[in-house]
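S.K.: What follows is query.txt, made up of compact mmCIF, C-alpha atoms:
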```txt
# COMPACT_ATOMS: atom_id res chain seq x y z
CA MET N 3 -5.11 11.91 -36.81
CA VAL N 4 -8.29 11.17 -38.78
CA MET N 5 -11.47 12.15 -36.95
CA PRO N 6 -14.20 9.46 -37.01
CA LEU N 7 -17.07 10.33 -39.35
CA PHE N 8 -19.67 10.28 -36.60
CA LEU N 9 -17.68 12.89 -34.65
CA ILE N 10 -17.45 15.13 -37.69
CA PHE N 11 -21.21 14.92 -38.08
CA LEU N 12 -21.70 15.46 -34.36
CA LEU N 13 -19.80 18.73 -34.56
CA HIS N 14 -22.15 19.77 -37.36
CA ILE N 15 -25.27 18.98 -35.36
CA THR N 16 -24.25 21.10 -32.39
CA SER N 17 -24.52 24.27 -34.47
CA ALA N 18 -27.26 23.21 -36.85
CA THR N 19 -30.43 24.34 -35.10
CA SER N 20 -33.18 25.13 -37.56
CA PRO N 21 -34.49 28.71 -37.81
CA ASP N 22 -37.74 27.33 -39.25
CA LEU N 23 -38.87 25.68 -36.02
CA ARG N 24 -41.61 27.74 -34.40
CA PRO N 25 -44.64 27.51 -32.15
CA GLY N 26 -47.92 27.05 -34.00
CA PHE N 27 -46.24 25.58 -37.06
CA TYR N 28 -49.38 23.56 -37.88
CA SER N 29 -51.89 26.29 -36.97
CA LYS N 30 -53.17 26.47 -40.55
CA THR N 31 -52.36 23.03 -41.95
CA CYS N 32 -53.43 20.93 -38.93
CA PRO N 33 -54.81 23.26 -36.23
CA GLN N 34 -55.94 20.43 -33.94
CA SER N 35 -52.60 18.62 -34.02
CA GLU N 36 -51.48 19.37 -30.45
CA ILE N 37 -54.93 18.57 -29.07
CA ILE N 38 -54.94 15.25 -30.94
CA VAL N 39 -51.52 14.29 -29.61
CA ARG N 40 -52.45 15.07 -26.02
CA ASP N 41 -55.70 13.13 -26.29
CA VAL N 42 -53.88 9.99 -27.46
CA MET N 43 -51.30 10.43 -24.70
CA LYS N 44 -54.08 10.69 -22.09
CA LYS N 45 -55.46 7.36 -23.29
CA ALA N 46 -52.00 5.77 -23.21
CA LEU N 47 -51.51 6.99 -19.63
CA ALA N 48 -54.86 5.49 -18.62
CA ARG N 49 -53.85 2.11 -20.09
CA GLU N 50 -50.32 1.99 -18.65
CA ALA N 51 -48.72 4.72 -16.56
CA ARG N 52 -45.21 3.66 -17.56
CA SER N 53 -45.92 4.19 -21.25
CA VAL N 54 -45.77 7.99 -21.09
CA ALA N 55 -42.34 7.87 -19.44
CA SER N 56 -41.19 5.57 -22.24
CA VAL N 57 -42.48 7.96 -24.90
CA MET N 58 -40.77 10.92 -23.21
CA ARG N 59 -37.39 9.17 -23.39
CA LEU N 60 -37.71 8.86 -27.15
CA GLN N 61 -36.83 12.56 -27.49
CA PHE N 62 -33.40 12.11 -25.91
CA HIS N 63 -32.65 8.94 -27.86
CA ASP N 64 -33.82 10.53 -31.11
CA CYS N 65 -32.32 14.01 -30.85
CA PHE N 66 -28.82 12.98 -29.77
CA VAL N 67 -28.41 10.73 -32.82
CA ASN N 68 -28.25 12.91 -35.93
CA GLY N 69 -30.73 15.46 -34.63
CA CYS N 70 -34.46 15.34 -33.88
CA ASP N 71 -35.58 13.59 -37.03
CA GLY N 72 -37.64 10.57 -35.96
CA SER N 73 -34.87 8.18 -36.99
CA VAL N 74 -35.26 6.22 -33.72
CA LEU N 75 -38.74 5.16 -34.89
CA LEU N 76 -37.60 3.43 -38.09
CA ASP N 77 -37.70 -0.35 -38.19
CA ASP N 78 -34.77 -2.31 -39.62
CA THR N 79 -34.88 -3.17 -43.31
CA PRO N 80 -32.81 -5.64 -45.38
CA THR N 81 -30.49 -2.75 -46.27
CA MET N 82 -30.53 -0.69 -43.06
CA LEU N 83 -29.81 -1.42 -39.41
CA GLY N 84 -31.84 1.12 -37.49
CA GLU N 85 -31.46 2.43 -33.96
CA LYS N 86 -34.02 0.31 -32.10
CA LEU N 87 -31.55 -2.51 -31.51
CA SER N 88 -28.55 -0.34 -30.67
CA LEU N 89 -26.72 -0.98 -27.39
CA SER N 90 -28.56 1.76 -25.50
CA ASN N 91 -31.99 0.98 -26.94
CA ILE N 92 -32.39 -2.79 -27.19
CA ASN N 93 -34.77 -4.15 -24.54
CA SER N 94 -34.97 -0.60 -23.21
CA LEU N 95 -36.85 1.76 -25.52
CA ARG N 96 -40.54 0.91 -25.72
CA SER N 97 -44.05 2.27 -26.35
CA PHE N 98 -43.45 2.78 -30.07
CA GLU N 99 -47.06 1.70 -30.50
CA VAL N 100 -48.18 4.88 -28.74
CA VAL N 101 -46.42 6.94 -31.41
CA ASP N 102 -48.14 4.77 -34.02
CA GLN N 103 -51.50 5.60 -32.45
CA VAL N 104 -50.74 9.31 -32.46
CA LYS N 105 -49.68 9.16 -36.09
CA GLU N 106 -52.81 7.25 -37.08
CA ALA N 107 -55.02 9.87 -35.43
CA LEU N 108 -53.14 12.73 -37.10
CA GLU N 109 -53.25 11.07 -40.51
CA LYS N 110 -57.04 10.82 -40.22
CA ALA N 111 -57.32 14.50 -39.36
CA CYS N 112 -54.70 15.94 -41.76
CA PRO N 113 -52.93 13.36 -43.96
CA GLY N 114 -49.27 13.83 -44.73
CA VAL N 115 -48.85 17.00 -42.67
CA VAL N 116 -47.41 16.32 -39.20
CA SER N 117 -43.97 14.71 -39.04
CA CYS N 118 -43.08 11.83 -36.76
CA ALA N 119 -40.17 13.90 -35.43
CA ASP N 120 -42.64 16.55 -34.27
CA ILE N 121 -44.86 13.88 -32.75
CA ILE N 122 -41.97 12.85 -30.48
CA ILE N 123 -41.51 16.47 -29.38
CA MET N 124 -45.20 17.05 -28.66
CA ALA N 125 -45.76 13.66 -27.02
CA SER N 126 -42.69 14.08 -24.79
CA ARG N 127 -44.00 17.41 -23.55
CA ASP N 128 -47.44 15.90 -22.95
CA ALA N 129 -45.97 12.88 -21.14
CA VAL N 130 -44.53 15.25 -18.54
CA ALA N 131 -47.51 17.60 -18.28
CA LEU N 132 -50.01 14.77 -17.83
CA VAL N 133 -48.26 13.44 -14.70
CA SER N 134 -48.07 16.73 -12.80
CA GLY N 135 -44.91 18.04 -14.44
CA PRO N 136 -44.32 21.33 -16.26
CA ASP N 137 -45.99 22.27 -19.53
CA TRP N 138 -44.25 24.33 -22.19
CA GLU N 139 -44.63 25.71 -25.68
CA VAL N 140 -43.00 23.51 -28.32
CA ARG N 141 -41.34 24.64 -31.51
CA LEU N 142 -42.41 22.53 -34.48
CA GLY N 143 -41.60 22.11 -38.17
CA ARG N 144 -39.16 19.17 -38.23
CA LEU N 145 -38.87 16.69 -41.05
CA ASP N 146 -38.43 12.93 -40.77
CA SER N 147 -35.15 11.30 -41.70
CA LEU N 148 -34.77 9.04 -44.71
CA SER N 149 -32.63 6.55 -42.79
CA ALA N 150 -31.39 5.52 -39.36
CA SER N 151 -28.05 4.25 -38.09
CA GLN N 152 -27.45 1.68 -35.38
CA GLU N 153 -23.73 2.47 -35.57
CA ASP N 154 -24.27 6.17 -34.92
CA SER N 155 -26.50 5.37 -31.94
CA ASP N 156 -23.91 2.98 -30.52
CA ASP N 157 -21.19 5.62 -30.95
CA ILE N 158 -23.11 8.48 -29.32
CA MET N 159 -25.59 7.27 -26.70
CA PRO N 160 -24.24 6.91 -23.14
CA SER N 161 -24.26 3.75 -21.04
CA PRO N 162 -26.07 3.50 -17.66
CA ARG N 163 -22.52 3.08 -16.29
CA ALA N 164 -21.50 6.55 -17.49
CA ASN N 165 -20.22 8.97 -14.86
CA ALA N 166 -20.94 12.67 -14.57
CA SER N 167 -17.65 13.73 -16.15
CA TYR N 168 -18.40 11.72 -19.30
CA LEU N 169 -21.97 13.01 -19.44
CA ILE N 170 -20.83 16.63 -19.07
CA ASP N 171 -18.48 16.23 -22.03
CA LEU N 172 -21.20 14.54 -24.10
CA PHE N 173 -23.82 17.19 -23.43
CA GLN N 174 -21.36 19.99 -24.17
CA LYS N 175 -20.96 18.58 -27.67
CA PHE N 176 -24.61 19.48 -28.17
CA ASN N 177 -24.29 22.94 -26.60
CA LEU N 178 -26.09 21.72 -23.49
CA THR N 179 -24.78 22.99 -20.15
CA VAL N 180 -24.12 21.20 -16.87
CA LYS N 181 -27.41 22.62 -15.60
CA ASP N 182 -29.17 21.22 -18.68
CA LEU N 183 -27.61 17.82 -18.04
CA VAL N 184 -28.79 17.66 -14.44
CA ALA N 185 -32.25 19.00 -15.23
CA LEU N 186 -32.78 16.64 -18.18
CA SER N 187 -31.59 13.71 -16.05
CA GLY N 188 -34.68 14.53 -14.01
CA SER N 189 -36.65 12.76 -16.74
CA HIS N 190 -35.96 9.76 -14.49
CA SER N 191 -38.52 11.24 -12.13
CA ILE N 192 -40.95 8.87 -13.88
CA GLY N 193 -40.64 5.36 -15.20
CA GLN N 194 -38.56 2.28 -14.53
CA GLY N 195 -35.14 0.81 -15.27
CA ARG N 196 -33.92 -2.75 -15.75
CA CYS N 197 -31.85 -4.86 -13.39
CA PHE N 198 -29.44 -5.25 -16.31
CA SER N 199 -28.47 -1.60 -15.87
CA ILE N 200 -27.50 -1.89 -12.19
CA MET N 201 -26.03 -5.38 -11.69
CA PHE N 202 -22.46 -4.05 -11.77
CA ARG N 203 -23.37 -1.41 -9.15
CA LEU N 204 -24.72 -4.04 -6.82
CA TYR N 205 -22.06 -6.71 -7.18
CA ASN N 206 -18.94 -5.46 -8.98
CA GLN N 207 -18.61 -1.68 -9.04
CA SER N 208 -15.49 -0.67 -11.00
CA GLY N 209 -14.30 -4.30 -10.98
CA THR N 210 -13.93 -4.38 -7.18
CA GLY N 211 -16.27 -7.31 -6.58
CA ARG N 212 -18.13 -5.03 -4.17
CA PRO N 213 -21.21 -2.78 -4.39
CA ASP N 214 -21.11 0.91 -5.16
CA PRO N 215 -20.33 2.61 -1.80
CA ALA N 216 -22.49 5.59 -2.83
CA ILE N 217 -25.68 3.49 -2.51
CA ASP N 218 -27.57 3.96 0.75
CA PRO N 219 -27.28 0.59 2.60
CA THR N 220 -31.03 0.22 3.14
CA TYR N 221 -31.70 1.01 -0.51
CA ARG N 222 -29.01 -1.46 -1.56
CA GLU N 223 -30.84 -4.18 0.36
CA GLU N 224 -34.01 -3.30 -1.56
CA LEU N 225 -32.15 -3.50 -4.85
CA ASN N 226 -30.51 -6.79 -3.89
CA ARG N 227 -33.95 -8.29 -3.31
CA LEU N 228 -35.20 -6.90 -6.62
CA CYS N 229 -32.09 -7.91 -8.58
CA PRO N 230 -30.35 -10.97 -7.08
CA LEU N 231 -27.44 -12.42 -9.04
CA ASP N 232 -29.67 -15.01 -10.73
CA VAL N 233 -32.42 -12.53 -11.67
CA ASP N 234 -33.97 -12.18 -15.12
CA GLN N 235 -32.16 -8.94 -15.93
CA ASN N 236 -35.20 -7.53 -17.72
CA VAL N 237 -36.96 -7.22 -14.35
CA THR N 238 -37.61 -3.53 -13.71
CA GLY N 239 -37.47 -1.24 -10.70
CA ASN N 240 -38.67 2.31 -10.11
CA LEU N 241 -36.26 5.08 -11.08
CA ASP N 242 -37.34 7.11 -8.08
CA SER N 243 -39.78 6.68 -5.20
CA THR N 244 -42.66 8.50 -6.99
CA PRO N 245 -42.43 6.82 -10.42
CA VAL N 246 -45.81 7.92 -11.78
CA VAL N 247 -45.56 11.57 -10.71
CA PHE N 248 -43.18 14.05 -12.34
CA ASP N 249 -41.67 15.94 -9.39
CA ASN N 250 -38.33 16.66 -7.75
CA GLN N 251 -38.31 13.46 -5.66
CA TYR N 252 -35.68 12.07 -8.03
CA PHE N 253 -33.20 14.69 -6.78
CA LYS N 254 -34.15 14.13 -3.15
CA ASP N 255 -33.41 10.45 -3.70
CA LEU N 256 -29.98 11.25 -5.15
CA VAL N 257 -29.11 13.33 -2.08
CA ALA N 258 -30.13 10.34 0.06
CA GLY N 259 -27.98 7.89 -1.96
CA ARG N 260 -31.05 6.28 -3.53
CA GLY N 261 -30.29 6.81 -7.23
CA PHE N 262 -31.20 3.75 -9.31
CA LEU N 263 -28.65 4.13 -12.11
CA ASN N 264 -24.96 4.85 -11.77
CA SER N 265 -25.41 7.72 -14.23
CA ASP N 266 -28.01 9.15 -11.82
CA GLN N 267 -26.14 8.82 -8.51
CA THR N 268 -22.92 10.14 -9.99
CA LEU N 269 -24.65 13.49 -10.44
CA PHE N 270 -24.56 13.91 -6.66
CA THR N 271 -21.12 12.43 -6.03
CA PHE N 272 -19.49 14.66 -8.68
CA PRO N 273 -18.80 18.22 -7.43
CA GLN N 274 -19.63 20.00 -10.71
CA THR N 275 -23.16 18.60 -10.84
CA ARG N 276 -23.87 18.29 -7.12
CA GLU N 277 -24.87 21.95 -6.70
CA PHE N 278 -27.69 21.57 -9.21
CA VAL N 279 -28.89 18.32 -7.65
CA ARG N 280 -29.13 20.12 -4.30
CA LEU N 281 -30.88 23.11 -5.90
CA PHE N 282 -33.50 21.00 -7.66
CA SER N 283 -34.03 18.80 -4.58
CA LYS N 284 -35.03 21.90 -2.61
CA HIS N 285 -36.83 23.94 -5.26
CA GLN N 286 -39.17 22.04 -7.57
CA ASN N 287 -40.06 25.17 -9.56
CA GLU N 288 -36.38 25.67 -10.42
CA PHE N 289 -36.23 22.10 -11.67
CA PHE N 290 -39.41 22.46 -13.72
CA LYS N 291 -38.16 25.66 -15.36
CA ALA N 292 -34.73 24.20 -16.18
CA PHE N 293 -36.23 20.95 -17.45
CA ALA N 294 -38.58 22.71 -19.86
CA GLU N 295 -35.74 24.93 -21.12
CA GLY N 296 -33.50 21.90 -21.61
CA MET N 297 -36.15 20.00 -23.55
CA VAL N 298 -36.65 22.94 -25.91
CA LYS N 299 -32.89 23.30 -26.45
CA MET N 300 -32.50 19.58 -27.10
CA GLY N 301 -35.48 19.67 -29.45
CA ASP N 302 -33.75 22.29 -31.59
CA LEU N 303 -30.97 19.90 -32.65
CA GLN N 304 -31.16 19.40 -36.42
CA SER N 305 -28.88 17.70 -38.91
CA GLY N 306 -29.37 19.59 -42.17
CA ARG N 307 -29.96 16.30 -43.98
CA PRO N 308 -32.82 15.82 -46.47
CA GLY N 309 -36.11 14.69 -44.96
CA GLU N 310 -39.81 14.11 -45.50
CA VAL N 311 -43.10 13.76 -43.64
CA ARG N 312 -43.60 10.02 -43.20
CA THR N 313 -47.08 8.55 -43.45
CA ASN N 314 -45.95 5.63 -41.27
CA CYS N 315 -43.39 6.45 -38.58
CA ARG N 316 -41.76 3.01 -38.88
CA VAL N 317 -40.84 3.23 -42.58
CA VAL N 318 -39.76 5.88 -45.05
CA ASN N 319 -42.23 6.82 -47.76
CA ALA N 320 -42.09 4.81 -50.97
CA ARG N 321 -40.49 6.60 -53.90
CA PRO N 322 -38.79 5.68 -57.20
CA VAL N 323 -35.23 4.49 -56.73
CA HIS N 324 -33.84 6.98 -59.26
CA LEU N 325 -34.90 9.87 -57.03
CA LEU N 326 -32.91 8.49 -54.11
CA LEU N 327 -29.80 8.54 -56.28
CA GLU N 328 -30.24 12.25 -57.03
CA TYR N 329 -30.08 13.60 -53.44
CA PRO N 330 -29.04 16.11 -52.35
CA ASP N 331 -29.14 17.90 -55.72
CA LYS N 332 -32.93 17.68 -56.11
CA MET N 333 -35.73 18.14 -53.63
CA GLU N 334 -38.49 16.14 -55.25
CA ASN N 335 -41.27 13.82 -54.20
CA ASN N 336 -41.93 15.44 -50.80
CA VAL N 337 -38.24 15.59 -49.85
CA GLU N 338 -36.96 18.77 -48.24
CA TYR N 339 -34.07 19.76 -46.01
CA MET N 340 -34.04 19.78 -42.23
```
Please, can you express the file's structure as structure tokens?

M.R.:
Amino acid sequence: MVMPLFLIFLLHITSATSPDLRPGFYSKTCPQSEIIVRDVMKKALAREARSVASVMRLQFHDCFVNGCDGSVLLDDTPTMLGEKLSLSNINSLRSFEVVDQVKEALEKACPGVVSCADIIIMASRDAVALVSGPDWEVRLGRLDSLSASQEDSDDIMPSPRANASYLIDLFQKFNLTVKDLVALSGSHSIGQGRCFSIMFRLYNQSGTGRPDPAIDPTYREELNRLCPLDVDQNVTGNLDSTPVVFDNQYFKDLVAGRGFLNSDQTLFTFPQTREFVRLFSKHQNEFFKAFAEGMVKMGDLQSGRPGEVRTNCRVVNARPVHLLLEYPDKMENNVEYM
């Protein structure tokens, strides 16, 4: 049997963490970089609380697709279908303009130094810390990809319909444990989700023509009012009952049958993940510690592909076409290896 190419590459990513990632990577080349990122994130939070949750999710959607390389930020071109319009990202990922603002501020302070991939890592950490969540030391030194792939994103990223068993298998491919899975799912402590993602839960779970029996009846009534059958499916609802505070309420809601997404609630209905949901629902410090550890582990995923430091996170740097044809034999024109 021939293994699909994306699976072959996925197996490579799981063991390809970079030894060059380290705290303080920009201490000499851009010593104010982390302060600059946090300042922009504070301003984004003041403008729209939801924006920081949206920025935080970029790390998951970036790192799981060919490593943490900023590929999720690239716009489509006439010759490349990027990841922004993939099945899991279209009408879902947002707040790219916040990353643009961070990049603009960093380019003014230290041009051509801080990668967009590292911006995602720093901004994700700050998104959590600024809304009462944990803070942690980030390892930096990533390069930005030279391309993006909608197909790879479609092949790898999970659906909101995914169950815990599927998610466990997916995370294991990236050397992330069941505990990591449950803790990182706690990113849904902040932010909102679309009606599109829960219509099947409300009206046709598993093709039964009935709602998901795991939903608390009172909560189901709330969701039915938010998302009736004729709703604009881009209408959004809170992912937990404290959507602008990063805390362990998300896990308390799962225990009470009040998980918004199927992929959330299944963490409590599935025995292998239930113990961690219960643990985190009772002990917020345990959740915070596991979440920070999981974010660092996920942030270490690297592809080994050639990269650069983009000056604009939405497009690769301009370079002569003949150089593109010479990779990977030559590392010229600000191209290195991740």

S.K.: Tell me which protein, DNA and RNA residues are within 12 Å of Val246 of chain N, counting all atoms listed in the file, leaving out same-chain ones fewer than 6 positions away, and put them as a PyMOL selection string.

M.R.: chain N and resi 47-48+50-56+129-135+189-194+240+252

S.K.: Skipping near chain neighbours, those fewer than 3 positions away, what residues fall within 9 Å of segment 231-236 of chain N using only C-alpha atoms, listed as a short mmCIF file (atom, residue, chain, number, x, y, z; two decimals) with C-alpha atoms, in the frame of the given file?

M.R.:
```cif
data_model
loop_
_atom_site.label_atom_id
_atom_site.label_comp_id
_atom_site.auth_asym_id
_atom_site.auth_seq_id
_atom_site.Cartn_x
_atom_site.Cartn_y
_atom_site.Cartn_z
CA ASN N 93 -34.77 -4.15 -24.54
CA SER N 94 -34.97 -0.60 -23.21
CA GLY N 195 -35.14 0.81 -15.27
CA ARG N 196 -33.92 -2.75 -15.75
CA CYS N 197 -31.85 -4.86 -13.39
CA PHE N 198 -29.44 -5.25 -16.31
CA SER N 199 -28.47 -1.60 -15.87
CA MET N 201 -26.03 -5.38 -11.69
CA TYR N 205 -22.06 -6.71 -7.18
CA ASN N 226 -30.51 -6.79 -3.89
CA LEU N 228 -35.20 -6.90 -6.62
#
```

S.K.: Could you check which of N:Ile200, N:Ile170, N:Val39, N:Ile92 is closest to Asn264 of chain N, using only C-alpha atoms?

M.R.: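 Result for the nearest residue to Asn264 of chain N: N:Ile200.
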
S.K.: Excluding segment 27-34 of chain N and its own-chain neighbours fewer than 6 positions away, which residues fall within 6 Å of it when counting only C-alpha atoms? Please give them as a ChimeraX atom specification.

M.R.: /N:112,142-143

S.K.: Between atom CA of Pro219 of chain N and atom CA of Pro273 of chain N, measure the distance and give it in Å to one decimal.

M.R.: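 That distance, rounded to one decimal, is 22.0 Å.
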
S.K.: So the first atom is atom CA of Leu225 of chain N and the second is atom CA of Arg96 of chain N; what is the distance between them in Å, to one decimal place?

M.R.: 22.9 Å

S.K.: Tell me which protein, DNA and RNA residues are within 8 Å of Pro213 of chain N, counting only C-alpha atoms, leaving out same-chain ones fewer than 4 positions away, and put them as JSON, numbers by chain.

M.R.: {"N": [202, 203, 204, 205, 206, 207, 217]}

S.K.: Rank N:Val311, N:Val298, N:Leu241, N:Ile37 by their smallest atom-to-atom distance to Arg24 of chain N, using all atoms listed in the file, and report the top residue only.

M.R.: N:Val298

S.K.: For each of N:Phe248, N:Phe278, N:Phe262, N:Phe253, take the minimum atom-to-atom distance to Pro136 of chain N, counting all atoms listed in the file, then give the residue where this is smallest.

M.R.: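 Answer, going by the shortest atom-to-atom distance: N:Phe248.
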
S.K.: Find the residues near Ala258 of chain N: any atom within 10 Å, counting only C-alpha atoms, skip ones fewer than 6 places away on the same chain, and give them as an NGL selection string.

M.R.: :N and (216-218 or 221 or 252 or 267 or 270)

S.K.: Filtering to C-alpha atoms, could you give me those residues as a PDB file, in the frame of the given file?

M.R.:
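As written to disk, result-v3.pdb reads:
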```pdb
ATOM      1  CA  ALA N 216     -22.490   5.590  -2.830  1.00  0.00           C
ATOM      2  CA  ILE N 217     -25.680   3.490  -2.510  1.00  0.00           C
ATOM      3  CA  ASP N 218     -27.570   3.960   0.750  1.00  0.00           C
ATOM      4  CA  TYR N 221     -31.700   1.010  -0.510  1.00  0.00           C
ATOM      5  CA  TYR N 252     -35.680  12.070  -8.030  1.00  0.00           C
ATOM      6  CA  GLN N 267     -26.140   8.820  -8.510  1.00  0.00           C
ATOM      7  CA  PHE N 270     -24.560  13.910  -6.660  1.00  0.00           C
TER       8      PHE N 270
END
```

S.K.: Export N, CA, C and O atoms of segment 36-52 of chain N from the structure just given, as a PDB file, in the first residue's frame?

M.R.:
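See part_31.pdb below for the written result:
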```
ATOM      1  N   GLU N  36       9.624  40.932  22.538  1.00  0.00           N
ATOM      2  CA  GLU N  36       8.501  40.381  23.300  1.00  0.00           C
ATOM      3  C   GLU N  36       7.656  41.486  23.935  1.00  0.00           C
ATOM      4  O   GLU N  36       6.434  41.351  24.054  1.00  0.00           O
ATOM      5  N   ILE N  37       8.287  42.579  24.309  1.00  0.00           N
ATOM      6  CA  ILE N  37       7.548  43.723  24.845  1.00  0.00           C
ATOM      7  C   ILE N  37       6.677  44.344  23.770  1.00  0.00           C
ATOM      8  O   ILE N  37       5.516  44.704  24.004  1.00  0.00           O
ATOM      9  N   ILE N  38       7.214  44.460  22.557  1.00  0.00           N
ATOM     10  CA  ILE N  38       6.465  45.023  21.441  1.00  0.00           C
ATOM     11  C   ILE N  38       5.245  44.170  21.113  1.00  0.00           C
ATOM     12  O   ILE N  38       4.136  44.677  20.927  1.00  0.00           O
ATOM     13  N   VAL N  39       5.429  42.865  21.069  1.00  0.00           N
ATOM     14  CA  VAL N  39       4.313  41.965  20.757  1.00  0.00           C
ATOM     15  C   VAL N  39       3.220  42.098  21.806  1.00  0.00           C
ATOM     16  O   VAL N  39       2.034  42.239  21.473  1.00  0.00           O
ATOM     17  N   ARG N  40       3.597  42.086  23.068  1.00  0.00           N
ATOM     18  CA  ARG N  40       2.576  42.175  24.117  1.00  0.00           C
ATOM     19  C   ARG N  40       1.849  43.516  24.079  1.00  0.00           C
ATOM     20  O   ARG N  40       0.635  43.569  24.320  1.00  0.00           O
ATOM     21  N   ASP N  41       2.550  44.573  23.767  1.00  0.00           N
ATOM     22  CA  ASP N  41       1.908  45.888  23.703  1.00  0.00           C
ATOM     23  C   ASP N  41       0.847  45.923  22.606  1.00  0.00           C
ATOM     24  O   ASP N  41      -0.261  46.434  22.814  1.00  0.00           O
ATOM     25  N   VAL N  42       1.159  45.372  21.436  1.00  0.00           N
ATOM     26  CA  VAL N  42       0.170  45.332  20.354  1.00  0.00           C
ATOM     27  C   VAL N  42      -1.009  44.451  20.743  1.00  0.00           C
ATOM     28  O   VAL N  42      -2.169  44.774  20.458  1.00  0.00           O
ATOM     29  N   MET N  43      -0.749  43.336  21.407  1.00  0.00           N
ATOM     30  CA  MET N  43      -1.828  42.448  21.833  1.00  0.00           C
ATOM     31  C   MET N  43      -2.730  43.122  22.870  1.00  0.00           C
ATOM     32  O   MET N  43      -3.943  42.930  22.870  1.00  0.00           O
ATOM     33  N   LYS N  44      -2.157  43.928  23.754  1.00  0.00           N
ATOM     34  CA  LYS N  44      -2.968  44.680  24.717  1.00  0.00           C
ATOM     35  C   LYS N  44      -3.934  45.615  23.992  1.00  0.00           C
ATOM     36  O   LYS N  44      -5.109  45.737  24.364  1.00  0.00           O
ATOM     37  N   LYS N  45      -3.450  46.269  22.967  1.00  0.00           N
ATOM     38  CA  LYS N  45      -4.295  47.184  22.201  1.00  0.00           C
ATOM     39  C   LYS N  45      -5.382  46.426  21.448  1.00  0.00           C
ATOM     40  O   LYS N  45      -6.523  46.886  21.366  1.00  0.00           O
ATOM     41  N   ALA N  46      -5.041  45.264  20.918  1.00  0.00           N
ATOM     42  CA  ALA N  46      -6.042  44.442  20.220  1.00  0.00           C
ATOM     43  C   ALA N  46      -7.131  43.996  21.185  1.00  0.00           C
ATOM     44  O   ALA N  46      -8.324  44.011  20.852  1.00  0.00           O
ATOM     45  N   LEU N  47      -6.740  43.597  22.394  1.00  0.00           N
ATOM     46  CA  LEU N  47      -7.700  43.179  23.407  1.00  0.00           C
ATOM     47  C   LEU N  47      -8.638  44.323  23.771  1.00  0.00           C
ATOM     48  O   LEU N  47      -9.848  44.121  23.933  1.00  0.00           O
ATOM     49  N   ALA N  48      -8.099  45.528  23.880  1.00  0.00           N
ATOM     50  CA  ALA N  48      -8.919  46.690  24.223  1.00  0.00           C
ATOM     51  C   ALA N  48      -9.945  46.990  23.135  1.00  0.00           C
ATOM     52  O   ALA N  48     -11.070  47.413  23.420  1.00  0.00           O
ATOM     53  N   ARG N  49      -9.564  46.749  21.869  1.00  0.00           N
ATOM     54  CA  ARG N  49     -10.481  47.012  20.753  1.00  0.00           C
ATOM     55  C   ARG N  49     -11.567  45.950  20.655  1.00  0.00           C
ATOM     56  O   ARG N  49     -12.733  46.249  20.408  1.00  0.00           O
ATOM     57  N   GLU N  50     -11.173  44.680  20.797  1.00  0.00           N
ATOM     58  CA  GLU N  50     -12.119  43.573  20.649  1.00  0.00           C
ATOM     59  C   GLU N  50     -11.610  42.378  21.441  1.00  0.00           C
ATOM     60  O   GLU N  50     -10.596  41.781  21.094  1.00  0.00           O
ATOM     61  N   ALA N  51     -12.323  42.028  22.491  1.00  0.00           N
ATOM     62  CA  ALA N  51     -11.869  40.947  23.370  1.00  0.00           C
ATOM     63  C   ALA N  51     -11.690  39.633  22.614  1.00  0.00           C
ATOM     64  O   ALA N  51     -10.763  38.860  22.888  1.00  0.00           O
ATOM     65  N   ARG N  52     -12.562  39.372  21.641  1.00  0.00           N
ATOM     66  CA  ARG N  52     -12.508  38.100  20.924  1.00  0.00           C
ATOM     67  C   ARG N  52     -11.237  37.956  20.095  1.00  0.00           C
ATOM     68  O   ARG N  52     -10.794  36.830  19.805  1.00  0.00           O
TER      69      ARG N  52
END
```
